[in-house]
Every structure is written in C-alpha cells, then in structure tokens.
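Below: work_1.cif (mmCIF, C-alpha atoms; chains and numbers go by the auth columns)
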data_input
#
loop_
_atom_site.group_PDB
_atom_site.id
_atom_site.type_symbol
_atom_site.label_atom_id
_atom_site.label_comp_id
_atom_site.label_asym_id
_atom_site.label_seq_id
_atom_site.Cartn_x
_atom_site.Cartn_y
_atom_site.Cartn_z
_atom_site.B_iso_or_equiv
_atom_site.auth_seq_id
_atom_site.auth_asym_id
ATOM 1 C CA MET A 1 5.008 5.082 -29.665 0.00 1 A
ATOM 2 C CA GLY A 2 7.107 2.087 -30.630 0.00 2 A
ATOM 3 C CA SER A 3 7.669 1.086 -27.023 0.00 3 A
ATOM 4 C CA LEU A 4 3.953 1.324 -26.235 0.00 4 A
ATOM 5 C CA ALA A 5 3.172 -0.890 -29.242 0.00 5 A
ATOM 6 C CA ALA A 6 5.784 -3.362 -27.981 0.00 6 A
ATOM 7 C CA PHE A 7 4.092 -3.435 -24.581 0.00 7 A
ATOM 8 C CA LEU A 8 0.735 -4.036 -26.309 0.00 8 A
ATOM 9 C CA VAL A 9 2.210 -7.021 -28.162 0.00 9 A
ATOM 10 C CA PHE A 10 3.892 -8.214 -24.952 0.00 10 A
ATOM 11 C CA GLY A 11 0.572 -7.923 -23.084 0.00 11 A
ATOM 12 C CA ALA A 12 -1.407 -9.723 -25.780 0.00 12 A
ATOM 13 C CA THR A 13 1.133 -12.570 -25.922 0.00 13 A
ATOM 14 C CA MET A 14 1.293 -12.838 -22.141 0.00 14 A
ATOM 15 C CA GLY A 15 -2.516 -12.820 -22.011 0.00 15 A
ATOM 16 C CA ALA A 16 -2.664 -15.662 -24.543 0.00 16 A
ATOM 17 C CA LEU A 17 -0.122 -17.663 -22.506 0.00 17 A
ATOM 18 C CA VAL A 18 -2.000 -17.136 -19.233 0.00 18 A
ATOM 19 C CA PHE A 19 -5.228 -18.095 -21.052 0.00 19 A
ATOM 20 C CA LEU A 20 -3.645 -21.436 -22.039 0.00 20 A
ATOM 21 C CA LEU A 21 -2.140 -21.960 -18.568 0.00 21 A
ATOM 22 C CA ALA A 22 -5.502 -21.312 -16.878 0.00 22 A
ATOM 23 C CA ARG A 23 -7.202 -23.862 -19.140 0.00 23 A
ATOM 24 C CA LEU A 24 -4.457 -26.362 -18.471 0.00 24 A
ATOM 25 C CA GLY A 25 -4.780 -25.629 -14.739 0.00 25 A
ATOM 26 C CA ALA A 26 -8.478 -26.550 -14.815 0.00 26 A
ATOM 27 C CA ARG A 27 -7.564 -29.968 -16.205 0.00 27 A
ATOM 28 C CA ALA A 28 -4.555 -30.424 -13.924 0.00 28 A
ATOM 29 C CA ARG A 29 -6.639 -29.698 -10.838 0.00 29 A
ATOM 30 C CA ALA A 30 -9.227 -32.332 -11.758 0.00 30 A
ATOM 31 C CA TRP A 31 -6.361 -34.757 -12.276 0.00 31 A
ATOM 32 C CA SER A 32 -4.564 -33.906 -9.019 0.00 32 A
ATOM 33 C CA ARG A 33 -7.811 -34.462 -7.055 0.00 33 A
ATOM 34 C CA ARG A 34 -7.697 -38.079 -8.106 0.00 34 A
ATOM 35 C CA VAL A 35 -3.947 -38.518 -7.731 0.00 35 A
ATOM 36 C CA GLN A 36 -2.543 -37.309 -4.376 0.00 36 A
ATOM 37 C CA PRO A 37 1.133 -37.683 -5.387 0.00 37 A
ATOM 38 C CA ALA A 38 0.447 -35.096 -8.098 0.00 38 A
ATOM 39 C CA ALA A 39 -0.496 -32.529 -5.432 0.00 39 A
ATOM 40 C CA ASP A 40 2.636 -33.391 -3.421 0.00 40 A
ATOM 41 C CA LEU A 41 4.689 -33.043 -6.585 0.00 41 A
ATOM 42 C CA LEU A 42 3.321 -29.519 -7.142 0.00 42 A
ATOM 43 C CA VAL A 43 4.482 -28.521 -3.627 0.00 43 A
ATOM 44 C CA LEU A 44 7.917 -29.952 -4.394 0.00 44 A
ATOM 45 C CA VAL A 45 8.097 -28.172 -7.754 0.00 45 A
ATOM 46 C CA ALA A 46 7.149 -24.863 -6.071 0.00 46 A
ATOM 47 C CA GLY A 47 10.027 -25.312 -3.584 0.00 47 A
ATOM 48 C CA ALA A 48 12.454 -26.234 -6.336 0.00 48 A
ATOM 49 C CA GLY A 49 11.223 -23.230 -8.306 0.00 49 A
ATOM 50 C CA LEU A 50 12.064 -20.928 -5.383 0.00 50 A
ATOM 51 C CA VAL A 51 15.588 -22.388 -5.201 0.00 51 A
ATOM 52 C CA VAL A 52 16.086 -21.844 -8.951 0.00 52 A
ATOM 53 C CA ASP A 53 14.660 -18.333 -8.618 0.00 53 A
ATOM 54 C CA GLY A 54 17.008 -17.510 -5.720 0.00 54 A
ATOM 55 C CA ALA A 55 19.998 -18.947 -7.578 0.00 55 A
ATOM 56 C CA SER A 56 19.141 -16.894 -10.661 0.00 56 A
ATOM 57 C CA HIS A 57 19.155 -13.714 -8.534 0.00 57 A
ATOM 58 C CA PHE A 58 22.627 -14.616 -7.207 0.00 58 A
ATOM 59 C CA LEU A 59 23.762 -15.202 -10.785 0.00 59 A
ATOM 60 C CA ASP A 60 22.351 -11.826 -11.803 0.00 60 A
ATOM 61 C CA SER A 61 24.254 -10.139 -8.955 0.00 61 A
ATOM 62 C CA LEU A 62 27.487 -11.763 -10.159 0.00 62 A
ATOM 63 C CA LEU A 63 26.814 -10.519 -13.684 0.00 63 A
ATOM 64 C CA LEU A 64 26.120 -7.044 -12.311 0.00 64 A
ATOM 65 C CA GLY A 65 29.377 -7.172 -10.379 0.00 65 A
ATOM 66 C CA ALA A 66 27.991 -6.747 -6.859 0.00 66 A
ATOM 67 C CA MET B 1 -3.037 -35.105 -23.203 0.00 1 B
ATOM 68 C CA ALA B 2 -3.092 -32.385 -25.861 0.00 2 B
ATOM 69 C CA ALA B 3 -3.071 -29.745 -23.098 0.00 3 B
ATOM 70 C CA VAL B 4 0.023 -31.308 -21.482 0.00 4 B
ATOM 71 C CA ALA B 5 1.754 -31.503 -24.864 0.00 5 B
ATOM 72 C CA GLY B 6 0.831 -27.858 -25.504 0.00 6 B
ATOM 73 C CA PHE B 7 2.219 -26.813 -22.123 0.00 7 B
ATOM 74 C CA LEU B 8 5.471 -28.692 -22.717 0.00 8 B
ATOM 75 C CA MET B 9 5.818 -27.042 -26.129 0.00 9 B
ATOM 76 C CA LEU B 10 5.212 -23.612 -24.559 0.00 10 B
ATOM 77 C CA ALA B 11 7.755 -24.330 -21.822 0.00 11 B
ATOM 78 C CA ALA B 12 10.308 -25.463 -24.421 0.00 12 B
ATOM 79 C CA ALA B 13 9.668 -22.286 -26.441 0.00 13 B
ATOM 80 C CA GLY B 14 10.045 -20.196 -23.266 0.00 14 B
ATOM 81 C CA VAL B 15 13.367 -21.804 -22.340 0.00 15 B
ATOM 82 C CA LEU B 16 14.564 -21.348 -25.921 0.00 16 B
ATOM 83 C CA MET B 17 13.633 -17.658 -25.799 0.00 17 B
ATOM 84 C CA LEU B 18 15.425 -17.283 -22.429 0.00 18 B
ATOM 85 C CA LEU B 19 18.554 -18.784 -23.973 0.00 19 B
ATOM 86 C CA PHE B 20 18.248 -16.419 -26.914 0.00 20 B
ATOM 87 C CA PHE B 21 17.891 -13.370 -24.665 0.00 21 B
ATOM 88 C CA SER B 22 20.623 -14.422 -22.227 0.00 22 B
ATOM 89 C CA GLY B 23 22.952 -15.044 -25.157 0.00 23 B
ATOM 90 C CA ARG B 24 21.983 -11.653 -26.532 0.00 24 B
ATOM 91 C CA LEU B 25 21.103 -13.191 -29.863 0.00 25 B
ATOM 92 C CA LEU B 26 17.920 -11.159 -30.019 0.00 26 B
ATOM 93 C CA MET B 27 18.878 -7.513 -29.697 0.00 27 B
ATOM 94 C CA ALA B 28 16.764 -4.650 -30.959 0.00 28 B
ATOM 95 C CA GLY B 29 19.742 -2.915 -32.515 0.00 29 B
ATOM 96 C CA ARG B 30 20.769 -6.024 -34.383 0.00 30 B
ATOM 97 C CA LEU B 31 17.360 -6.837 -35.803 0.00 31 B
ATOM 98 C CA GLY B 32 16.162 -3.277 -36.329 0.00 32 B
ATOM 99 C CA THR B 33 13.145 -1.454 -34.917 0.00 33 B
ATOM 100 C CA VAL B 34 10.795 -3.296 -37.304 0.00 34 B
ATOM 101 C CA SER B 35 11.400 -6.420 -35.248 0.00 35 B
ATOM 102 C CA LEU B 36 10.405 -4.775 -31.944 0.00 36 B
ATOM 103 C CA PRO B 37 6.936 -6.418 -31.856 0.00 37 B
ATOM 104 C CA VAL B 38 8.565 -9.799 -32.599 0.00 38 B
ATOM 105 C CA MET B 39 10.992 -9.219 -29.727 0.00 39 B
ATOM 106 C CA ALA B 40 8.098 -8.243 -27.459 0.00 40 B
ATOM 107 C CA ALA B 41 6.207 -11.447 -28.295 0.00 41 B
ATOM 108 C CA ALA B 42 9.344 -13.561 -27.768 0.00 42 B
ATOM 109 C CA GLY B 43 10.015 -11.733 -24.487 0.00 43 B
ATOM 110 C CA ALA B 44 6.510 -12.536 -23.242 0.00 44 B
ATOM 111 C CA VAL B 45 7.027 -16.248 -23.940 0.00 45 B
ATOM 112 C CA ALA B 46 10.400 -16.122 -22.173 0.00 46 B
ATOM 113 C CA SER B 47 9.104 -14.231 -19.132 0.00 47 B
ATOM 114 C CA ALA B 48 6.198 -16.651 -18.610 0.00 48 B
ATOM 115 C CA PHE B 49 8.798 -19.361 -17.972 0.00 49 B
ATOM 116 C CA ASN B 50 11.569 -17.304 -16.325 0.00 50 B
ATOM 117 C CA PRO B 51 12.931 -18.431 -12.919 0.00 51 B
ATOM 118 C CA CYS B 52 10.646 -16.019 -11.023 0.00 52 B
ATOM 119 C CA ALA B 53 7.573 -17.589 -12.653 0.00 53 B
ATOM 120 C CA LEU B 54 8.625 -21.151 -11.726 0.00 54 B
ATOM 121 C CA PRO B 55 7.359 -21.048 -8.092 0.00 55 B
ATOM 122 C CA ALA B 56 4.061 -19.533 -9.290 0.00 56 B
ATOM 123 C CA LEU B 57 3.432 -22.126 -12.022 0.00 57 B
ATOM 124 C CA PRO B 58 2.477 -25.029 -9.681 0.00 58 B
ATOM 125 C CA ALA B 59 0.038 -22.767 -7.801 0.00 59 B
ATOM 126 C CA PHE B 60 -1.462 -21.702 -11.117 0.00 60 B
ATOM 127 C CA LEU B 61 -1.856 -25.290 -12.261 0.00 61 B
ATOM 128 C CA ALA B 62 -3.174 -26.452 -8.873 0.00 62 B
ATOM 129 C CA ARG B 63 -5.791 -23.726 -8.618 0.00 63 B
ATOM 130 C CA GLY B 64 -7.568 -24.691 -11.785 0.00 64 B
ATOM 131 C CA GLY B 65 -10.683 -23.027 -13.051 0.00 65 B
ATOM 132 C CA GLY B 66 -13.332 -20.629 -11.888 0.00 66 B
ATOM 133 C CA ALA B 67 -16.931 -21.223 -10.931 0.00 67 B
ATOM 134 C CA ARG B 68 -18.454 -21.818 -14.338 0.00 68 B
ATOM 135 C CA GLY B 69 -16.606 -23.049 -17.356 0.00 69 B
ATOM 136 C CA ASP B 70 -13.478 -21.571 -18.815 0.00 70 B
ATOM 137 C CA PRO B 71 -11.150 -19.594 -16.464 0.00 71 B
ATOM 138 C CA GLY B 72 -8.963 -18.520 -19.418 0.00 72 B
ATOM 139 C CA PRO B 73 -10.547 -15.192 -20.509 0.00 73 B
ATOM 140 C CA ALA B 74 -10.646 -13.637 -16.999 0.00 74 B
ATOM 141 C CA ALA B 75 -7.097 -14.806 -16.216 0.00 75 B
ATOM 142 C CA ALA B 76 -5.837 -13.464 -19.557 0.00 76 B
ATOM 143 C CA LEU B 77 -7.523 -10.107 -18.903 0.00 77 B
ATOM 144 C CA GLY B 78 -5.838 -9.925 -15.490 0.00 78 B
ATOM 145 C CA ALA B 79 -2.457 -10.678 -17.047 0.00 79 B
ATOM 146 C CA MET B 80 -2.914 -8.031 -19.751 0.00 80 B
ATOM 147 C CA THR B 81 -3.973 -5.415 -17.187 0.00 81 B
ATOM 148 C CA VAL B 82 -0.723 -5.812 -15.241 0.00 82 B
ATOM 149 C CA VAL B 83 1.469 -5.761 -18.362 0.00 83 B
ATOM 150 C CA LEU B 84 -0.229 -2.665 -19.779 0.00 84 B
ATOM 151 C CA ALA B 85 -0.121 -0.839 -16.420 0.00 85 B
ATOM 152 C CA PHE B 86 3.583 -1.696 -16.111 0.00 86 B
ATOM 153 C CA GLY B 87 4.123 -0.649 -19.734 0.00 87 B
ATOM 154 C CA LEU B 88 2.461 2.718 -19.188 0.00 88 B
ATOM 155 C CA VAL B 89 4.570 3.446 -16.090 0.00 89 B
ATOM 156 C CA VAL B 90 7.816 2.460 -17.845 0.00 90 B
ATOM 157 C CA THR B 91 6.893 4.416 -20.991 0.00 91 B
ATOM 158 C CA VAL B 92 6.110 7.532 -18.959 0.00 92 B
ATOM 159 C CA LEU B 93 9.150 7.296 -16.654 0.00 93 B
ATOM 160 C CA GLY B 94 11.481 6.099 -19.425 0.00 94 B
ATOM 161 C CA MET B 95 15.168 5.789 -18.689 0.00 95 B
ATOM 162 C CA GLU B 96 14.926 7.805 -15.460 0.00 96 B
ATOM 163 C CA ALA B 97 13.492 4.793 -13.644 0.00 97 B
ATOM 164 C CA GLN B 98 16.416 2.648 -14.790 0.00 98 B
ATOM 165 C CA THR B 99 19.066 5.119 -13.613 0.00 99 B
ATOM 166 C CA LEU B 100 17.240 5.446 -10.283 0.00 100 B
ATOM 167 C CA VAL B 101 17.346 1.694 -9.563 0.00 101 B
ATOM 168 C CA ALA B 102 20.638 0.721 -11.243 0.00 102 B
ATOM 169 C CA PRO B 103 23.183 1.705 -8.492 0.00 103 B
ATOM 170 C CA GLY B 104 21.827 -0.678 -5.853 0.00 104 B
ATOM 171 C CA LEU B 105 20.598 -3.404 -8.158 0.00 105 B
ATOM 172 C CA GLY B 106 23.529 -5.776 -7.592 0.00 106 B
ATOM 173 C CA TRP B 107 23.100 -5.923 -3.800 0.00 107 B
ATOM 174 C CA LEU B 108 19.314 -6.016 -4.174 0.00 108 B
ATOM 175 C CA GLN B 109 19.753 -9.179 -6.247 0.00 109 B
ATOM 176 C CA VAL B 110 21.951 -10.764 -3.540 0.00 110 B
ATOM 177 C CA ALA B 111 19.337 -9.977 -0.860 0.00 111 B
ATOM 178 C CA ALA B 112 16.492 -11.272 -3.051 0.00 112 B
ATOM 179 C CA GLY B 113 18.410 -14.503 -3.746 0.00 113 B
ATOM 180 C CA ALA B 114 19.050 -15.086 -0.031 0.00 114 B
ATOM 181 C CA VAL B 115 15.413 -14.433 0.909 0.00 115 B
ATOM 182 C CA LEU B 116 14.089 -16.727 -1.837 0.00 116 B
ATOM 183 C CA ILE B 117 16.375 -19.658 -0.978 0.00 117 B
ATOM 184 C CA THR B 118 15.521 -19.285 2.735 0.00 118 B
ATOM 185 C CA MET B 119 11.818 -19.311 1.804 0.00 119 B
ATOM 186 C CA ALA B 120 12.372 -22.436 -0.308 0.00 120 B
ATOM 187 C CA LEU B 121 14.027 -24.278 2.608 0.00 121 B
ATOM 188 C CA LEU B 122 11.263 -23.231 5.015 0.00 122 B
ATOM 189 C CA HIS B 123 8.592 -24.218 2.480 0.00 123 B
ATOM 190 C CA LEU B 124 10.108 -27.633 1.744 0.00 124 B
ATOM 191 C CA THR B 125 10.619 -28.459 5.445 0.00 125 B
ATOM 192 C CA GLY B 126 7.102 -27.249 6.356 0.00 126 B
ATOM 193 C CA ARG B 127 8.348 -24.578 8.776 0.00 127 B
ATOM 194 C CA MET B 128 7.103 -21.498 6.951 0.00 128 B
ATOM 195 C CA GLY B 129 3.900 -21.324 9.035 0.00 129 B
ATOM 196 C CA ARG B 130 5.789 -21.398 12.362 0.00 130 B
ATOM 197 C CA LEU B 131 7.630 -18.094 11.919 0.00 131 B
ATOM 198 C CA PRO B 132 6.206 -15.201 14.007 0.00 132 B
ATOM 199 C CA LEU B 133 5.041 -12.695 11.383 0.00 133 B
ATOM 200 C CA VAL B 134 5.446 -14.767 8.212 0.00 134 B
ATOM 201 C CA GLY B 135 3.475 -17.616 9.813 0.00 135 B
ATOM 202 C CA ALA B 136 0.424 -15.397 10.318 0.00 136 B
ATOM 203 C CA LEU B 137 0.628 -14.221 6.709 0.00 137 B
ATOM 204 C CA VAL B 138 0.974 -17.816 5.440 0.00 138 B
ATOM 205 C CA THR B 139 -2.007 -18.933 7.539 0.00 139 B
ATOM 206 C CA ALA B 140 -4.129 -16.035 6.257 0.00 140 B
ATOM 207 C CA GLY B 141 -3.024 -16.788 2.690 0.00 141 B
ATOM 208 C CA SER B 142 -3.895 -20.468 3.087 0.00 142 B
ATOM 209 C CA ARG B 143 -7.387 -19.595 4.349 0.00 143 B
ATOM 210 C CA LEU B 144 -7.923 -17.212 1.427 0.00 144 B
ATOM 211 C CA TRP B 145 -6.646 -19.901 -0.933 0.00 145 B
ATOM 212 C CA GLU B 146 -9.122 -22.456 0.488 0.00 146 B
ATOM 213 C CA LEU B 147 -11.934 -19.925 0.180 0.00 147 B
ATOM 214 C CA THR B 148 -11.197 -19.255 -3.482 0.00 148 B
ATOM 215 C CA LEU B 149 -11.064 -22.997 -4.121 0.00 149 B
ATOM 216 C CA GLN B 150 -14.419 -23.585 -2.420 0.00 150 B
ATOM 217 C CA ARG B 151 -16.139 -20.551 -3.944 0.00 151 B
ATOM 218 C CA PRO B 152 -14.311 -19.760 -7.185 0.00 152 B
ATOM 219 C CA THR B 153 -15.335 -16.613 -9.039 0.00 153 B
ATOM 220 C CA ARG B 154 -14.418 -14.760 -12.213 0.00 154 B
ATOM 221 C CA LEU B 155 -12.782 -12.075 -10.041 0.00 155 B
ATOM 222 C CA GLY B 156 -10.592 -14.793 -8.541 0.00 156 B
ATOM 223 C CA ASP B 157 -9.542 -15.908 -12.038 0.00 157 B
ATOM 224 C CA TYR B 158 -8.799 -12.280 -12.967 0.00 158 B
ATOM 225 C CA LEU B 159 -6.713 -11.684 -9.839 0.00 159 B
ATOM 226 C CA PHE B 160 -4.866 -14.945 -10.283 0.00 160 B
ATOM 227 C CA GLY B 161 -3.899 -14.060 -13.870 0.00 161 B
ATOM 228 C CA ALA B 162 -2.795 -10.611 -12.684 0.00 162 B
ATOM 229 C CA GLY B 163 -0.872 -12.126 -9.763 0.00 163 B
ATOM 230 C CA PHE B 164 0.954 -14.628 -11.936 0.00 164 B
ATOM 231 C CA VAL B 165 2.270 -11.886 -14.206 0.00 165 B
ATOM 232 C CA ALA B 166 3.015 -9.499 -11.312 0.00 166 B
ATOM 233 C CA VAL B 167 5.037 -12.151 -9.466 0.00 167 B
ATOM 234 C CA GLY B 168 6.759 -13.921 -12.307 0.00 168 B
ATOM 235 C CA GLY B 169 6.047 -12.432 -15.674 0.00 169 B
ATOM 236 C CA THR B 170 7.332 -8.909 -15.421 0.00 170 B
#

Take the structure in the file and give it back as structure tokens.
Amino acid sequence: MGSLAAFLVFGATMGALVFLLARLGARARAWSRRVQPAADLLVLVAGAGLVVDGASHFLDSLLLGA
Amino acid sequence: MAAVAGFLMLAAAGVLMLLFFSGRLLMAGRLGTVSLPVMAAAGAVASAFNPCALPALPAFLARGGGARGDPGPAAALGAMTVVLAFGLVVTVLGMEAQTLVAPGLGWLQVAAGAVLITMALLHLTGRMGRLPLVGALVTAGSRLWELTLQRPTRLGDYLFGAGFVAVGGT
C-alpha cells in the first residue's frame, strides 16, 4: 500500500513538472520561431544530452562492476 | 521571463535531488517510512532532469503547445498515466522483476551507453538519416513531427507528456 501511495505522489509530482514544462515549451517555441539560433541550439543541446546520457550509462556499468 | 526563471529553478532542484540520491543522503531506511511520499516527490523532480531526460527536454521545449490554449493539462495527464502504469507493474511484480534483470544489468548499461553516444555523434554530424534502417525511421519520425506541429491536438500533447516520462522520467 505504501509503495502504491509513493507511486501516486511520484506521478502527481511528475505530472505537475510536465505541466510546467509544456507551458514553458509553448513560450519557447514562439521565441525560437523568431530566433533561428535558438532552434539550432536546441539541436545541439539534444546531441549533448545524448552524450551525457551515454556517459551516465557507462558510469552506471562501472558502479555495477561490469 | 518568469517561465525561464521557473524552469531554471526546477532544473536546479532536480540536479540537487540527483546529488542527494547519488550520495545516498535520502534513503528510506534512514528517514523512516513516513518520509516515503517526500522521497517519491523528490525522486520525481530528480528523474525529470536525469541524464536520460536531457535529450528529450529540447524536443519538449521545441514542440510547444497544442491546438488551442494550454498544452499543460493533457501533457500532465499523459505523464501521470505512464508513471501509474509503471507503478502498478512494479507493485505487482515486486522484487521478482529486480532479480530477473539484475544479472545482466552491468553489460546492458555498457551497450546502452555505446548506442547512445553513437546516436549523439550521428545526430550532431547530421548522418542519422543516411543509415539504412535507422534512416527510414528518422525520416518517418520527422514527418510525424512536422504533422503534429502543423496540426497540433490534445492527443498529441497527451502522447508527448507520456513519451517524455517513458523516455526520460522513469
């Protein structure tokens, strides 16, 4: 029961965060339409994010002793 | 401006929570079961900004809103659906799922890391679309993306919220 309640809290918090991100996205998109470098920057950030993500998986494997 | 400041504050809180969890400062046993909901809330903030969510964040910000007004409620509903579905599966399966996955997890992480960094290099050099099978998937995804931008719907907002959590949040 406790774990299900924790997932409910987790879901509600995640929902609230996604709600805020979606609202922010609506504003960011209007902004990036006017400023092309902003759109290019998002592509760059996505690539950098993948590198960080991949590196974090390698780090996890080291911690797990693979 | 307030939205950007809010996002930066959320990101800072997420990174702080990640540091707490990675340093094992927030452990259920240490804080007691009463604090489980607090841990769950802190974990949600951390997972929204974990490394797996980073590549999805720019897409989320670039997509923007739905057809009419606020995209927030539909996106939030999508996110909650995924978390609750995941929660139900984990609650039902319990520790058995963990013992099933644990033996190969280390090598799975190495493979995932290699695939992700290769994808990053292909993405940044613009070669992702030229690969035989992956290229077709990327082209199809780009067309779908354009379609949802031209004709945004509430269902699109819902699926995007669900996708963000499925890819990065869980």

message = Measuring between all atoms listed in the file, which one of B:Gly141, B:Gly87, B:Gly72, B:Pro55 shows the shortest distance to Ala5 in chain A?
response =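 When distances to Ala5 in chain A are compared using all atoms listed in the file, the smallest one comes from B:Gly87.
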
request  = Please write the residues picked by the PyMOL selection byres ((chain A and resi 13) around 10) on this file as a list of chain:residue names.
outcome  =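 The output of the PyMOL selection byres ((chain A and resi 13) around 10) on this file is A:Phe7, A:Leu8, A:Val9, A:Phe10, A:Gly11, A:Ala12, A:Met14, A:Gly15, A:Ala16, A:Leu17, A:Val18, A:Phe19, B:Ala40, B:Ala41, B:Ala42, B:Gly43, B:Ala44, B:Val45, B:Ala48, B:Ala76, B:Ala79, B:Met80.
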
Find the nearest atom pair between each residue of chain A and chain B for residues within 7 Å, count all atoms listed in the file, give distances in Å to one decimal, sort rows by chain and ascending number, and present the table as JSON lines.
{"residue": "A:Ser3", "atom": "CA", "partner": "B:Thr91", "partner_atom": "CA", "distance": 6.9}
{"residue": "A:Leu4", "atom": "CA", "partner": "B:Thr91", "partner_atom": "CA", "distance": 6.8}
{"residue": "A:Ala6", "atom": "CA", "partner": "B:Pro37", "partner_atom": "CA", "distance": 5.1}
{"residue": "A:Phe7", "atom": "CA", "partner": "B:Gly87", "partner_atom": "CA", "distance": 5.6}
{"residue": "A:Leu8", "atom": "CA", "partner": "B:Leu84", "partner_atom": "CA", "distance": 6.7}
{"residue": "A:Val9", "atom": "CA", "partner": "B:Ala41", "partner_atom": "CA", "distance": 6.0}
{"residue": "A:Phe10", "atom": "CA", "partner": "B:Ala40", "partner_atom": "CA", "distance": 4.9}
{"residue": "A:Gly11", "atom": "CA", "partner": "B:Met80", "partner_atom": "CA", "distance": 4.8}
{"residue": "A:Ala12", "atom": "CA", "partner": "B:Met80", "partner_atom": "CA", "distance": 6.4}
{"residue": "A:Thr13", "atom": "CA", "partner": "B:Ala41", "partner_atom": "CA", "distance": 5.7}
{"residue": "A:Met14", "atom": "CA", "partner": "B:Ala44", "partner_atom": "CA", "distance": 5.3}
{"residue": "A:Gly15", "atom": "CA", "partner": "B:Ala76", "partner_atom": "CA", "distance": 4.2}
{"residue": "A:Ala16", "atom": "CA", "partner": "B:Ala76", "partner_atom": "CA", "distance": 6.3}
{"residue": "A:Val18", "atom": "CA", "partner": "B:Ala76", "partner_atom": "CA", "distance": 5.3}
{"residue": "A:Phe19", "atom": "CA", "partner": "B:Gly72", "partner_atom": "CA", "distance": 4.1}
{"residue": "A:Leu20", "atom": "CA", "partner": "B:Gly72", "partner_atom": "CA", "distance": 6.6}
{"residue": "A:Ala22", "atom": "CA", "partner": "B:Gly72", "partner_atom": "CA", "distance": 5.1}
{"residue": "A:Arg23", "atom": "CA", "partner": "B:Gly72", "partner_atom": "CA", "distance": 5.6}
{"residue": "A:Leu24", "atom": "CA", "partner": "B:Ala3", "partner_atom": "CA", "distance": 5.9}
{"residue": "A:Gly25", "atom": "CA", "partner": "B:Leu61", "partner_atom": "CA", "distance": 3.8}
{"residue": "A:Ala26", "atom": "CA", "partner": "B:Gly64", "partner_atom": "CA", "distance": 3.7}
{"residue": "A:Arg27", "atom": "CA", "partner": "B:Gly64", "partner_atom": "CA", "distance": 6.9}
{"residue": "A:Ala28", "atom": "CA", "partner": "B:Leu61", "partner_atom": "CA", "distance": 6.0}
{"residue": "A:Arg29", "atom": "CA", "partner": "B:Ala62", "partner_atom": "CA", "distance": 5.1}
{"residue": "A:Leu42", "atom": "CA", "partner": "B:Pro58", "partner_atom": "CA", "distance": 5.2}
{"residue": "A:Leu44", "atom": "CA", "partner": "B:Leu124", "partner_atom": "CA", "distance": 6.9}
{"residue": "A:Val45", "atom": "CA", "partner": "B:Pro58", "partner_atom": "CA", "distance": 6.7}
{"residue": "A:Ala46", "atom": "CA", "partner": "B:Pro55", "partner_atom": "CA", "distance": 4.3}
{"residue": "A:Gly47", "atom": "CA", "partner": "B:Ala120", "partner_atom": "CA", "distance": 5.0}
{"residue": "A:Gly49", "atom": "CA", "partner": "B:Pro55", "partner_atom": "CA", "distance": 4.4}
{"residue": "A:Leu50", "atom": "CA", "partner": "B:Ala120", "partner_atom": "CA", "distance": 5.3}
{"residue": "A:Val51", "atom": "CA", "partner": "B:Ile117", "partner_atom": "CA", "distance": 5.1}
{"residue": "A:Val52", "atom": "CA", "partner": "B:Pro51", "partner_atom": "CA", "distance": 6.1}
{"residue": "A:Asp53", "atom": "CA", "partner": "B:Pro51", "partner_atom": "CA", "distance": 4.6}
{"residue": "A:Gly54", "atom": "CA", "partner": "B:Gly113", "partner_atom": "CA", "distance": 3.9}
{"residue": "A:Ala55", "atom": "CA", "partner": "B:Gly113", "partner_atom": "CA", "distance": 6.1}
{"residue": "A:Ser56", "atom": "CA", "partner": "B:Pro51", "partner_atom": "CA", "distance": 6.8}
{"residue": "A:His57", "atom": "CA", "partner": "B:Gly113", "partner_atom": "CA", "distance": 4.9}
{"residue": "A:Phe58", "atom": "CA", "partner": "B:Val110", "partner_atom": "CA", "distance": 5.4}
{"residue": "A:Asp60", "atom": "CA", "partner": "B:Gln109", "partner_atom": "CA", "distance": 6.7}
{"residue": "A:Ser61", "atom": "CA", "partner": "B:Gly106", "partner_atom": "CA", "distance": 4.6}
{"residue": "A:Leu64", "atom": "CA", "partner": "B:Gly106", "partner_atom": "CA", "distance": 5.5}
{"residue": "A:Gly65", "atom": "CA", "partner": "B:Gly106", "partner_atom": "CA", "distance": 6.6}
{"residue": "A:Ala66", "atom": "CA", "partner": "B:Gly106", "partner_atom": "CA", "distance": 4.6}

Could you dump the residues just selected with C-alpha atoms as a compact mmCIF listing (two decimals), in the frame of the given file?
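As a result, result.txt now contains:
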# COMPACT_ATOMS: atom_id res chain seq x y z
CA SER A 3 7.67 1.09 -27.02
CA LEU A 4 3.95 1.32 -26.24
CA ALA A 6 5.78 -3.36 -27.98
CA PHE A 7 4.09 -3.44 -24.58
CA LEU A 8 0.74 -4.04 -26.31
CA VAL A 9 2.21 -7.02 -28.16
CA PHE A 10 3.89 -8.21 -24.95
CA GLY A 11 0.57 -7.92 -23.08
CA ALA A 12 -1.41 -9.72 -25.78
CA THR A 13 1.13 -12.57 -25.92
CA MET A 14 1.29 -12.84 -22.14
CA GLY A 15 -2.52 -12.82 -22.01
CA ALA A 16 -2.66 -15.66 -24.54
CA VAL A 18 -2.00 -17.14 -19.23
CA PHE A 19 -5.23 -18.10 -21.05
CA LEU A 20 -3.64 -21.44 -22.04
CA ALA A 22 -5.50 -21.31 -16.88
CA ARG A 23 -7.20 -23.86 -19.14
CA LEU A 24 -4.46 -26.36 -18.47
CA GLY A 25 -4.78 -25.63 -14.74
CA ALA A 26 -8.48 -26.55 -14.82
CA ARG A 27 -7.56 -29.97 -16.20
CA ALA A 28 -4.56 -30.42 -13.92
CA ARG A 29 -6.64 -29.70 -10.84
CA LEU A 42 3.32 -29.52 -7.14
CA LEU A 44 7.92 -29.95 -4.39
CA VAL A 45 8.10 -28.17 -7.75
CA ALA A 46 7.15 -24.86 -6.07
CA GLY A 47 10.03 -25.31 -3.58
CA GLY A 49 11.22 -23.23 -8.31
CA LEU A 50 12.06 -20.93 -5.38
CA VAL A 51 15.59 -22.39 -5.20
CA VAL A 52 16.09 -21.84 -8.95
CA ASP A 53 14.66 -18.33 -8.62
CA GLY A 54 17.01 -17.51 -5.72
CA ALA A 55 20.00 -18.95 -7.58
CA SER A 56 19.14 -16.89 -10.66
CA HIS A 57 19.16 -13.71 -8.53
CA PHE A 58 22.63 -14.62 -7.21
CA ASP A 60 22.35 -11.83 -11.80
CA SER A 61 24.25 -10.14 -8.96
CA LEU A 64 26.12 -7.04 -12.31
CA GLY A 65 29.38 -7.17 -10.38
CA ALA A 66 27.99 -6.75 -6.86

query = Could you state the separation of CA of Leu144 in chain B and CA of Leu8 in chain B in Å, given to one decimal place?
reply =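 According to the coordinates, CA of Leu144 in chain B and CA of Leu8 in chain B are separated by 29.9 Å.
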
Nearest residue to Leu21 in chain A from the set B:Leu137, B:Gly126, B:Thr153, B:Ala11 (distances using all atoms listed in the file) =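 Ranked by minimum distance to Leu21 in chain A, first place goes to B:Ala11.
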
request  = Kindly give the distance, in Å, that separates CA of Leu41 in chain A and CA of Phe49 in chain B, rounded to a single decimal.
outcome  =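 So the two atoms, CA of Leu41 in chain A and CA of Phe49 in chain B, lie 18.3 Å apart.
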